Every structure is written in structure tokens, then in C-alpha cells.
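Student: Encoded as C-alpha cells, here's the structure I'll be asking about.
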There are 2 protein chains.
Amino acid sequence: MLFPWKYLQKSVPLFAWSRDYNIDKAVSDLVAGITVGLTLIPQSIAYASLAGLAPQYGLYSSLCGGLIYVFFGTIPELSIAPTALLSLLTISYTKNLSFGNVHGAILLCFLAGCVELLCGIVHLGFLVDFVSSPVVSAFTSASAITIASSQVKNLIGVKFEGETFYTIWKNVFEHITELKLADTILGLSCCAVLLFMRKLKDYGAPLIDSGKKQSTFKKMIWLFSVAKNALVVVCCAAAAFVLDYYNETPFTLTGRVPTGWPNVSLPLFYLEKGNTTITFKDMLYELETGIIFVPFIAILANIGIAKAFAKGKAVDASQEMIAVGLCNIVGSVFGSYPVNASFSRAAVGSSSGIRTPLAGVYTAAMVFLAFTLLTPYFPYIPKTTLAAVIICAVIFMVELMIAQRIWKTNKLDLFPFTITFICCLVIGIEMGILIGILVDIIKVLYVSARPKVSIDQIIIGTSPGYVRITILSSMPFFSAEYVRETVLKEDLLKIGTHQYVVIDLGRIESMDYTAVMCMGELIKDLKNNEKKVFLLLDKEYIINCLKGVCGKDLVICATEWDLQNSISEHQDASATSLAIDVRNEVEKTTKL
Amino acid sequence: MLFPWKYLQKSVPLFAWSRDYNIDKAVSDLVAGITVGLTLIPQSIAYASLAGLAPQYGLYSSLCGGLIYVFFGTIPELSIAPTALLSLLTISYTKNLSFGNVHGAILLCFLAGCVELLCGIVHLGFLVDFVSSPVVSAFTSASAITIASSQVKNLIGVKFEGETFYTIWKNVFEHITELKLADTILGLSCCAVLLFMRKLKDYGAPLIDSGKKQSTFKKMIWLFSVAKNALVVVCCAAAAFVLDYYNETPFTLTGRVPTGWPNVSLPLFYLEKGNTTITFKDMLYELETGIIFVPFIAILANIGIAKAFAKGKAVDASQEMIAVGLCNIVGSVFGSYPVNASFSRAAVGSSSGIRTPLAGVYTAAMVFLAFTLLTPYFPYIPKTTLAAVIICAVIFMVELMIAQRIWKTNKLDLFPFTITFICCLVIGIEMGILIGILVDIIKVLYVSARPKVSIDQIIIGTSPGYVRITILSSMPFFSAEYVRETVLKEDLLKIGTHQYVVIDLGRIESMDYTAVMCMGELIKDLKNNEKKVFLLLDKEYIINCLKGVCGKDLVICATEWDLQNSISEHQDASATSLAIDVRNEVEKTTKL
């Protein structure tokens, strides 16, 4: 009985976190869910047009994510819905399809979901380990800066295209003269209010979960502070509504929310078009690399965002892949195009005090309301207010002070950090994190290609002593030649007096074929220089191979004790043989 | 005085190997150089048409390689001239150029040479270390099999297109009915003669260089055996010449050798064409990725071939890059298209007893003679004879028995070996070695992502004992989470009785930021489970960071001795405090 329950808790994390769900969490989730919903609805409408689809597809794509993720997701902040990046990828893969871009986008959503699900099922989640803390920190800060920058145009009411930090600010300065005063004033006021309310939270928050009773006043303040984003949006929309009533529209508004329910059906797997039938194979062929590239980028972005919001805890990436995969598969039935977690929504959720994935249900409910009851009111949300909400949520994700801590710990790690940060800002955040991961792995390969080798002269008492070569780190194949060269360059080994050489492989846990062969060559080189070589080593398979390469007359000792005995024996024997040589010489001389 | 001379020997290896040049080596090089020349001339004419160029460009491209490589090269077997692969790459990058494919090919040769030279100068040669022995062995065997297979069509006198092992043999069986009997008989006879003469070498060879006098008979036999390839080619050509005199042409012949000297000039860096000027920048733009991809593939193939013929010795890859780069740069002045070492020529050179790069000069001389004195005679070389020479040279490079040795040493290494071998045969040898290298690196990453951790219960005497966690291998960032999970899963740590835990980091030479943070999290986890954690560790920077993460109450010991003392002290103190607790309890009870 124990096993299936644990297994169930792991596969459907809802069962795990719902057990200690309480009223505090419920309130937090409700407030945060509504806030994320208020951000999501205008965002998803905008992203749908970015993907070359009608606005309602943005809302269709926002319906299922939260409802599925509540069962399978592990990171509360992630809100699975349209994102800028996947919208751009969708349009690039679907714009010229013979079976139509809408069918194409929905099929792509289904297929991307299947690939993500598959990656999760075969436990590719271990790949998340290859994203190091410095890379995640750089990605987080750069994402926050990029997203805050991208909202500046809405904050000041100008319009232009631009995705990366560099292009955005170039455009801002070029269009600064088109600035709308009303938008700017409202936006900056919203920012000021939001930042003040954030401070209030610090006053109200500390007592949550501590078990002690809170005063009603403090509770109110806390509720007020976590609801800040929703409150600001609702107040501004109300103001715009009233002004509109008096025929005044000073602010840039979100605009009409589309109506009409999605067509619930499986994606098209074949299509009759005139005389020809487009088969599933033709469709796959037309979607090209999108079937691999879209889920790959989605997983990469998800991992980055999940790690940024996991606060140092381990991310169960396989489970996340399954969750996002299912969101896409189920979504495709309701007319969704590829969806994913978004950094800006995660930041808004986090700043609104989100506690569990249940918040996603409220977000989905808001989307549902947008279709029904609230349709007339949504258009009045000013764009600048949403920009202020997003900016105030993401700027606190920028933490460049971590560079100092990295510097103190391991200076080399500043290298992937800086590369990731710069590439994210200049090229784009997804390519940036990819380059960062590669640079980081190359850094590890570089470090392991240069293992530490200590070469010491050991003299005990009056004995002639020996040279001890210790390989301190593991020795993969690409480091073997370096080790050999390092040893052969060593001056200690060139001086004729040191004829005993100990190679200490005791710290090596495993050796590949190339390394063993190279070690064999090194021993041969030393023998050719008339050294007597002793090996400290207890791995049977390495011993056998080395004997194969270097011949039988290799002294191999399993322990330090054996080693010292062997050296003493050999040194005594050679002293004796030297004595015999001297005596022979003397005898010869005498004979002469 | 010593330094410049050593430096000169390193930069111009001619000065190093020419010092002990002797008559034996001279004879070997002469014979081998002529033999390689006889193979190279028909090959280069064929490759030129593969590159979409007039036949004479094949000969132009064969002139400089040997002459430059004799100064800068280190592997005698490498003959720098046209190859099948670079010819195919050349045509794919130059076929649609606005400034003409001939100018394009020559410019590409110059630019590829510059990139190779640059890679050599900045010492990218260390990249050669990333090609492991199993990958080289698999590449060598697969190359030999592919090249032998590609010659089968010439051996039996049929014609078809096909590059990889699979396509070649498919074509051979499809075209088997077109087999020419005369060619097949001559080819197989040549093979038989060559294999017999190879046996003769074993009889004549052992005494070379051993200092003892050889009998004239043995010397003759040795000369006869190393000259076998040249002799067979000359005899067959003579036979074909005589038959032609009597108007009989039973064999497929090589055909006319082009005449005309190359135009000695720098590659075109701009071109006036009608009214427009094509600038150097336009040319670079039209050559696209070729400028990077051609030298990349050339270096990759060169490294593979160099390692295959270096017989286990280290390859100075930076020097090789410089040598091949210079061959291309100088070659481009004489109308060469991109050139490189070729596996088949290296095998022919090796089987003809090549000793030093001086053989390249004789090869170049043969190319020169082909232009002048020997022009009338070259066309008579039967294609089947050349095929026999190449097949008999390469088949001895196949050594699949190495798989058994790899199996005995490190079973995991069979994985890159097999992948490389299969990919080389199925996809092509260059893509094969590239995939092999990647698989090999992934294997290393996989192994280092799972470091060995030993968790033992240590009980000394009647003390309560402790649990000791030892990290046995290095711990890069992508292994940190695994280590933490492994430790937390351990049952020994769950039992309440073991409250003392020692983490032994003594074997860790360096730790990156992520690993340090993760170790900090692990220690926090253990503390939350009410364990007292002791660290065995002497690296100051790791200690500082861990203190930052886990707080000050961390017991850190630099040596085993300190550790044992600390544990004893703590255990005593806790025994005392337990005693006090008990006494208090007793007192309480008494009072009641």
C-alpha cells in the first residue's frame, strides 16, 4: 500500500502538497491566481497575433495550462500559457503550411507536447543538472532586465518592434519623442504605488505560518500587499472606464477581448484539400525541425525559469517535462498553440505571494470569466498599468551581487556567468542560456583535461630515496597525454640519481582505455630512461592492461605498506649488486 | 644559443629529423615517394573533376604539398594533396559563385590555409587530445574498409557513383554483371603479387637499422619488397603500352594527363566584372561557411589520419595545423584548390616503407615529371592496378581485434568505438569521427556526473560511532545534485541513532560554485535531520563559502587526526549533557 501512494504522490504532486493546504495558502493562491490572470489575458491576446493567429487563440491557449499543471506541476510560479518566444517559433514554422497555419499551430502544440511528455517519461530530467547556478543566475538577471526593458515602451505609450535588450533600448531612444504624457504619468505612479505596497508586505508578512495569532490589522495589510497587482489593475481599469463614460481616453488601452468558444476536437491528422489528401506524414514533413526544436526550446526555457524560482531546491525536471507535455497535449484539443511557462508571469505570481499550483485554477477561471461575464470590462485595462505590474515584479529578480559570491568561491565560474549574461542581453535569453551551458561544460572539460599531478622527491633517512608521482584528480582520456607530458618534462626525473619512481594511482577510481594505454607509454618512457617504476594501484583490470602494454617486470603494490617494502627490497638488492660489481672490479684489478 | 635552435627544431621539424638521416632512409623515402607519386597523379586528376575543375588543377594542387610539408610536417606518411572529401566540399561551396568557380576554389584554398595556420599558431592542437584511442581505431578501420570498398569498382572495371560503405556495396552488387574480365584478372593478379611481396619484406626487413651487415641478397629482397607498389604499376603500364602498340586495349586505362603550367599569382581579392566590382567582402560573403567548415573538416580528417599513423606516439597537432595551413597558402599561389592528407596515400606510403617527410619531395618530383618527360606514358597505367595497390595498402590498417582489448580494459569504451565504426561506415568517415568524438565526450560527462560516494558506518570500541560520507571522485557542478540525492536516500542516515556524520572532502581538488552551494544545502538538510556534521577539508575558499551558506556552527577539520579528536570531544560532551539531563530528570522525580 505504501509504494503506490508514494508513487502517486511523485507522479501527481497535487496529492503531496494538498495534504497541508490551509486557509492562508488558499487566500494567497486566490489573490495571486487572479493577478496572474489579469496579466495573462491581455498578454495572450497580444502573443496570438505575434504567432500569426486570431486573438481568441491566445485565450484558448491560456485555458488548459493551469488546470492540468495543478495536478502534475511542482513549481507554483509557473503559469503554462502562450509566451513571446513560442509565439515567434510557431509563426516561423507554420506560416507557409499547405494545411493552414491554424491547424499547423494546433498540431505543433500536440506534437511538441508528445515530445516533452516522452522526454519526461524516459527521465531526461537529469539534463537539468547541466545548468549550473552561475548560468541560472545570469539567465535570471538577464531575463528580468530584458522583460523590464520590453515593457518600457508600454509604460511610456510608444510602439516599436524589438526583442533583445540592445534593440529595445535603441528603439526607446529613437522613439522617445513620441512619448505619451498621460501613459507615462499613470505608469510611473503605478510603479510608485506598487513599490510602496511591496514595502508594506515586509511589515505584514513575517508572521505568516509562524503559528502565532496575527492582529486583524496586520492581516489586512498583508492581504492588501499581496493583492497589490490586482488592485492596481482593477483601479486603473475602473478609472479608464469612468473617463471613457465622459468620452475621455487619455491612456492606451488593451482593446477588445475576442469572444467565441474553442472548437473542441483532436488536432487534424489528415486533410482532404481539393483533389489531394495531405497525410500525417506530409504534415510532419512540412513542420520540419519544429517538432524537435519547439519542445527543445520550451524545455530549456522551462528549466531556466523553474531553477530561477526553485530557490535553491532541486527541480524534478522529468516531472516538469511531463506536466508541460500534458498541458500542450490537452491544450491542443481546445485549440491551443504551443504553450510554456513565462518568466514575467512567474515573477508576477511570485510577487503576488503564490503558494501552490492551485493558483493556476484561478488564473484559468479568470480566462473563463474574460470570455463571459467580464468581456465588456477587460478592454479598459491601461497598457501602462500592466507594464508597471510586470516591471515591478521582475526588477527584484535581478541579483548581480551574486557575482561577488561567485568570485569568492571559484573565480573560473565568473566566466560562464558573464558569457551567459552578455549573450542573454545581446542575442536573446534562450540562445544566451544555451551558449552559457555549452561554455560551462567546456570549462569543466578544460579543468578535467588538466588534472593535478604532484611530483615530489621522497628521502627517508640515508636511503637514496625516490620520486613520487601522484595523480590527484580523475584522468579522463583527453587528459592522459597532458599527464604524460607533465611527468616527462619534470627535471627531477632527468637527474640520474633518482632511479626509483613511484606512480601513485591510488586516487583514480576508473581509467578508460586511452588513459591506460597512455599510462603504459609513460611507464615505457620512464623505463627507457633507466628508471625502476613502482605502481601504487589496486584495480585489477588496470593492472592487467598495464602488464599487457609494459611487460611483466612491473612492480605493482596495492597498499602504501607493500610499496615501502618493495622499494626497500629493491634498494637493498641494488646496493648488494653494486657491492658485487665493486668487488668484481676490485678482483679484476687485483688479477691485473 | 640553445633556445633558438630548439625552437627552430620545433617549428621546422626538418632540422630535427635531418640530423640522423642516412642512406637506408634515403632509399626508403625515394621508393616510397615515387610510389605515392604514381598513386597520386591519377587520383588528383580524378579528384579535380570531382571538384568541378579542369584536370590540370588536380596536378597543380599536388605540386606544393610535399615541398612545404618536408619543412614543417611531422608525420612522414601524410601526403598533402587533393582528397575526395575536400573536392566534394569545394564543389559545393564554389559551384554558384559570381566570380567563377576556379577563382573561388583557389581563394577558398588560401583562406582555409590561413584559418588552419591561425589555429596552429594559437595552439588549438590540444583539441587532438579529445580524440580517444577507441575512436581513432574505429575511424582507422572504417576508413580502410571504406577506401578498399571504393576501389572495388576500379578493380573489376565497372563504373558508378557512391561514397559510403553501404552505397558502394549496394552498387557493386547491382553492377556486378558489367564486370570486365581482363580488368578483374589483372587486378586480382596484382593483389596476389603485392601480398606475396609484402611477405618478402618480413624476410628482408628485420635487419634494417640493427647495425649488423646485411647480405646483398637480403638487401635486394628488401628493396624489391618496398618498391613493390611502384614495380607493379610500372610493369602493368609497360604491358598496357606494348598491347596498345599492337592495338589491343583490354584494360581500363587512366587516360590522358593534362599539360600546361599553372598561372603563378596570388588569389584574386577583387574582380571587375562588366560594370560591377566584386570586393573581397562580397567574395567572403559568397563563400559563406566554407571558410570555417572546410578547414574544420580538413583538420578533423588530418588529426584522425595523423593519429592512425603515429603508432601510439603523441601528435603535435598545432604543428600539423601550421604545416597543412602553409601547404594550402603556398599552394593557392600555384593554382591549388583545398588540399589535405589522404588516408589511402598515407597507407600506400606506409606500405612502401616511408621514413621521413622527404618522400614528399620525390612525390612532387613525380608530379613535375608527369607534366614534362613522362606525359606520354602516364595514360597507360591500368586503373585496376592502382586499385590493387590501394586495396593492398589499406586492408592491413583494419584492426578490429582491438575491440577485445578495449573490452578487457574498460567495457564502456566499446560504446564510442562501436558508434564511431558504424557511423563511419554508414554516414561517412568524417561525420563518423565527429559523432564518435561527441559520444565519447558525453560518455565522460556521464561518468563524471555520477561520482562515486562511499557511505560507511564507523564504530570504534564502545563509542556510538559515526557515518562517514566520502566523495571519491571530483565533483563538477552537474554531479552535485546527484551526490546530495545519493546521500539523502541512504538508510544509514535515517536511523536516529547515528547523529554524527562526517563528510570527507579530502580527495576533492577543486569545487565550483554550484557544487559548493549544493554541498551547503546538503549540510543544511542533514542538520534539519538533527545530525551533527563534521567536515574533513583543508581548502580555505570552500570552507569560507560553506560557512556563508550553513552558518558558523560547522565543525571543519583539516586532518584525520583533528577529525577524530573533534568527534570524541563532541561525543563526550553530549554524553555529559545526556548525564545532566538524566540527573535533572531524577531530581525532578525526587522532588515530586
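Ligands are numbered from 1 in the order shown, residues from 1 within each chain, and chains are lettered A, B, ... in the order they appear in the C-alpha cells.
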Distance cut-off 6 Å, counting only C-alpha atoms - which residues of chain A neighbour chain B? Return them as a PyMOL selection string.
Tutor: chain A and resi 129-130+132-133+409-410+478+512-514+541
Student: Residues as selected, N, CA and C atoms, written as a tab-separated table (two decimals), in the first residue's frame, can you do that?
Tutor:
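Contents of the output file selection_31.tsv:
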```tsv
chain	number	residue	atom	x	y	z
A	129	ASP	N	20.67	19.09	-14.49
A	129	ASP	CA	21.89	19.23	-13.70
A	129	ASP	C	22.99	19.96	-14.47
A	130	PHE	N	22.89	19.95	-15.81
A	130	PHE	CA	23.94	20.59	-16.59
A	130	PHE	C	23.79	22.11	-16.65
A	132	SER	N	24.21	25.12	-14.44
A	132	SER	CA	24.82	25.42	-13.14
A	132	SER	C	24.21	26.67	-12.52
A	133	SER	N	24.45	26.87	-11.23
A	133	SER	CA	23.93	28.06	-10.54
A	133	SER	C	24.37	29.37	-11.18
A	409	THR	N	34.15	32.27	-4.32
A	409	THR	CA	34.13	30.81	-4.28
A	409	THR	C	35.03	30.20	-5.34
A	410	ASN	N	34.78	30.55	-6.60
A	410	ASN	CA	35.56	29.94	-7.67
A	410	ASN	C	35.59	30.93	-8.83
A	478	PHE	N	41.11	12.55	-22.41
A	478	PHE	CA	41.70	13.74	-23.02
A	478	PHE	C	42.72	14.42	-22.11
A	512	ASP	N	39.91	5.01	-18.45
A	512	ASP	CA	39.43	4.47	-19.73
A	512	ASP	C	40.61	3.91	-20.53
A	513	TYR	N	40.26	3.27	-21.63
A	513	TYR	CA	41.25	2.56	-22.45
A	513	TYR	C	42.41	3.48	-22.85
A	514	THR	N	42.07	4.69	-23.32
A	514	THR	CA	43.10	5.62	-23.80
A	514	THR	C	44.06	6.00	-22.67
A	541	TYR	N	41.75	-4.62	-13.25
A	541	TYR	CA	41.69	-4.51	-14.71
A	541	TYR	C	42.74	-3.55	-15.26
```
Student: So which bits of segment 15-206 of chain A end up alpha helix (DSSP H) when you DSSP the backbone, as a ChimeraX atom specification?
Tutor: /A:15-17,23-50,56-72,84-94,101-121,133-156,165-174,181-204
Student: Enter the distance from atom CA of Ala48 of chain A to atom CA of Pro295 of chain A, in Å, rounded to one decimal.
Tutor: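 Atom-to-atom, atom CA of Ala48 of chain A and atom CA of Pro295 of chain A are spaced 18.3 Å apart.
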Student: Can you list, as a list in words, every protein, DNA or RNA residue that comes within 7 Å of segment 499-502 of chain B when you count only C-alpha atoms, leaving out same-chain residues fewer than 5 positions away?
Tutor: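 Within the cut-off, the hits are Tyr466, Val467, Arg468, Ile469, Glu530, Lys531, Lys532, Val533, Phe534 and Leu535 of chain B.
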Student: Please produce an output containing N, CA and C atoms for each residue in the selection, written as a compact mmCIF listing (two decimals), in the first residue's frame.
Tutor:
```txt
# COMPACT_ATOMS: atom_id res chain seq x y z
N TYR B 466 30.03 6.85 14.04
CA TYR B 466 29.52 7.90 13.16
C TYR B 466 29.38 7.34 11.75
N VAL B 467 28.70 8.13 10.90
CA VAL B 467 28.57 7.75 9.49
C VAL B 467 29.54 8.61 8.70
N ARG B 468 30.31 7.96 7.84
CA ARG B 468 31.32 8.70 7.08
C ARG B 468 30.95 8.68 5.60
N ILE B 469 30.80 9.88 5.03
CA ILE B 469 30.48 10.03 3.61
C ILE B 469 31.73 10.50 2.91
N GLU B 530 18.62 16.67 12.32
CA GLU B 530 19.27 16.59 13.63
C GLU B 530 20.55 15.79 13.66
N LYS B 531 21.35 15.97 12.61
CA LYS B 531 22.67 15.35 12.60
C LYS B 531 23.69 16.41 13.00
N LYS B 532 24.76 15.96 13.61
CA LYS B 532 25.90 16.84 13.86
C LYS B 532 26.90 16.57 12.73
N VAL B 533 27.22 17.60 11.94
CA VAL B 533 28.04 17.38 10.75
C VAL B 533 29.48 17.82 10.99
N PHE B 534 30.42 16.95 10.65
CA PHE B 534 31.85 17.26 10.69
C PHE B 534 32.36 17.24 9.24
N LEU B 535 33.19 18.20 8.89
CA LEU B 535 33.75 18.22 7.54
C LEU B 535 35.24 17.96 7.59
```
Student: List every residue of segment 184-418 of chain A that DSSP, applied to the backbone of this structure, places in strand (DSSP E or B), and write the result as a count of residues only.
Tutor: 9
Student: Would you compute the distance between atom CA of Tyr21 of chain B and atom CA of Thr216 of chain B? Give it in Å to one decimal.
Tutor: 21.3 Å
Student: Near segment 379-385 of chain A, within 6 Å and counting only C-alpha atoms, which residues show up once chain neighbours fewer than 5 positions away are dropped, as a PyMOL selection string?
Tutor: chain A and resi 154-155+183+187+237+240-241+252-256
Student: Using only C-alpha atoms, which residues sit within 7 Å of segment 105-111 of chain A once same-chain residues fewer than 4 positions away are excluded, as an MDAnalysis selection string?
Tutor: chainID A and resid 90 94 101 115 267:268 291 328:329 332 335:338
Student: When you look at Ala32 of chain B with a cut-off of 8 Å (counting only C-alpha atoms), what residues show up, excluding the ones that are within fewer than 5 positions of it in the same chain? I need them as a PyMOL selection string.
Tutor: chain B and resi 226-227+349-350+352-354+359
Student: Show which residues sit within 9 Å of Gly125 of chain B, as a PDB file with C-alpha atoms, in the first residue's frame. Count only C-alpha atoms, and ignore same-chain residues fewer than 2 positions away.
Tutor:
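File written: part28.pdb
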```
ATOM      1  CA  CYS B 119      44.555  27.507 -35.387  1.00  0.00           C
ATOM      2  CA  GLY B 120      48.090  26.133 -35.260  1.00  0.00           C
ATOM      3  CA  VAL B 122      47.111  29.866 -31.261  1.00  0.00           C
ATOM      4  CA  HIS B 123      47.856  26.261 -30.222  1.00  0.00           C
ATOM      5  CA  LEU B 127      41.962  19.557 -29.313  1.00  0.00           C
ATOM      6  CA  VAL B 128      43.640  16.415 -30.622  1.00  0.00           C
ATOM      7  CA  ASP B 129      43.517  15.045 -27.078  1.00  0.00           C
ATOM      8  CA  VAL B 315      50.886  14.003 -32.383  1.00  0.00           C
ATOM      9  CA  ASP B 316      51.993  17.655 -32.317  1.00  0.00           C
ATOM     10  CA  ALA B 317      48.691  18.791 -33.753  1.00  0.00           C
ATOM     11  CA  SER B 318      49.403  22.527 -33.638  1.00  0.00           C
ATOM     12  CA  GLN B 319      52.494  21.942 -35.768  1.00  0.00           C
ATOM     13  CA  GLU B 320      50.430  19.820 -38.184  1.00  0.00           C
ATOM     14  CA  MET B 321      47.859  22.607 -38.487  1.00  0.00           C
TER      15      MET B 321
END
```
Student: Find, counting only C-alpha atoms, the residue in A:Tyr362, A:Trp561, A:Phe417, A:Tyr69 that gets nearest to Ile402 of chain A.
Tutor: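 The closest residue to Ile402 of chain A is A:Phe417.
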Student: Provide the atom CA of Ile455 of chain A to atom CA of Ile567 of chain A distance in Å, to one decimal place.
Tutor: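 Calculated distance between atom CA of Ile455 of chain A and atom CA of Ile567 of chain A is 17.2 Å.
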Student: Using only C-alpha atoms, find the one residue out of A:Leu386, A:Met519, A:Ile91, A:Ile278 that sits nearest to Gly157 of chain A.
Tutor: A:Leu386
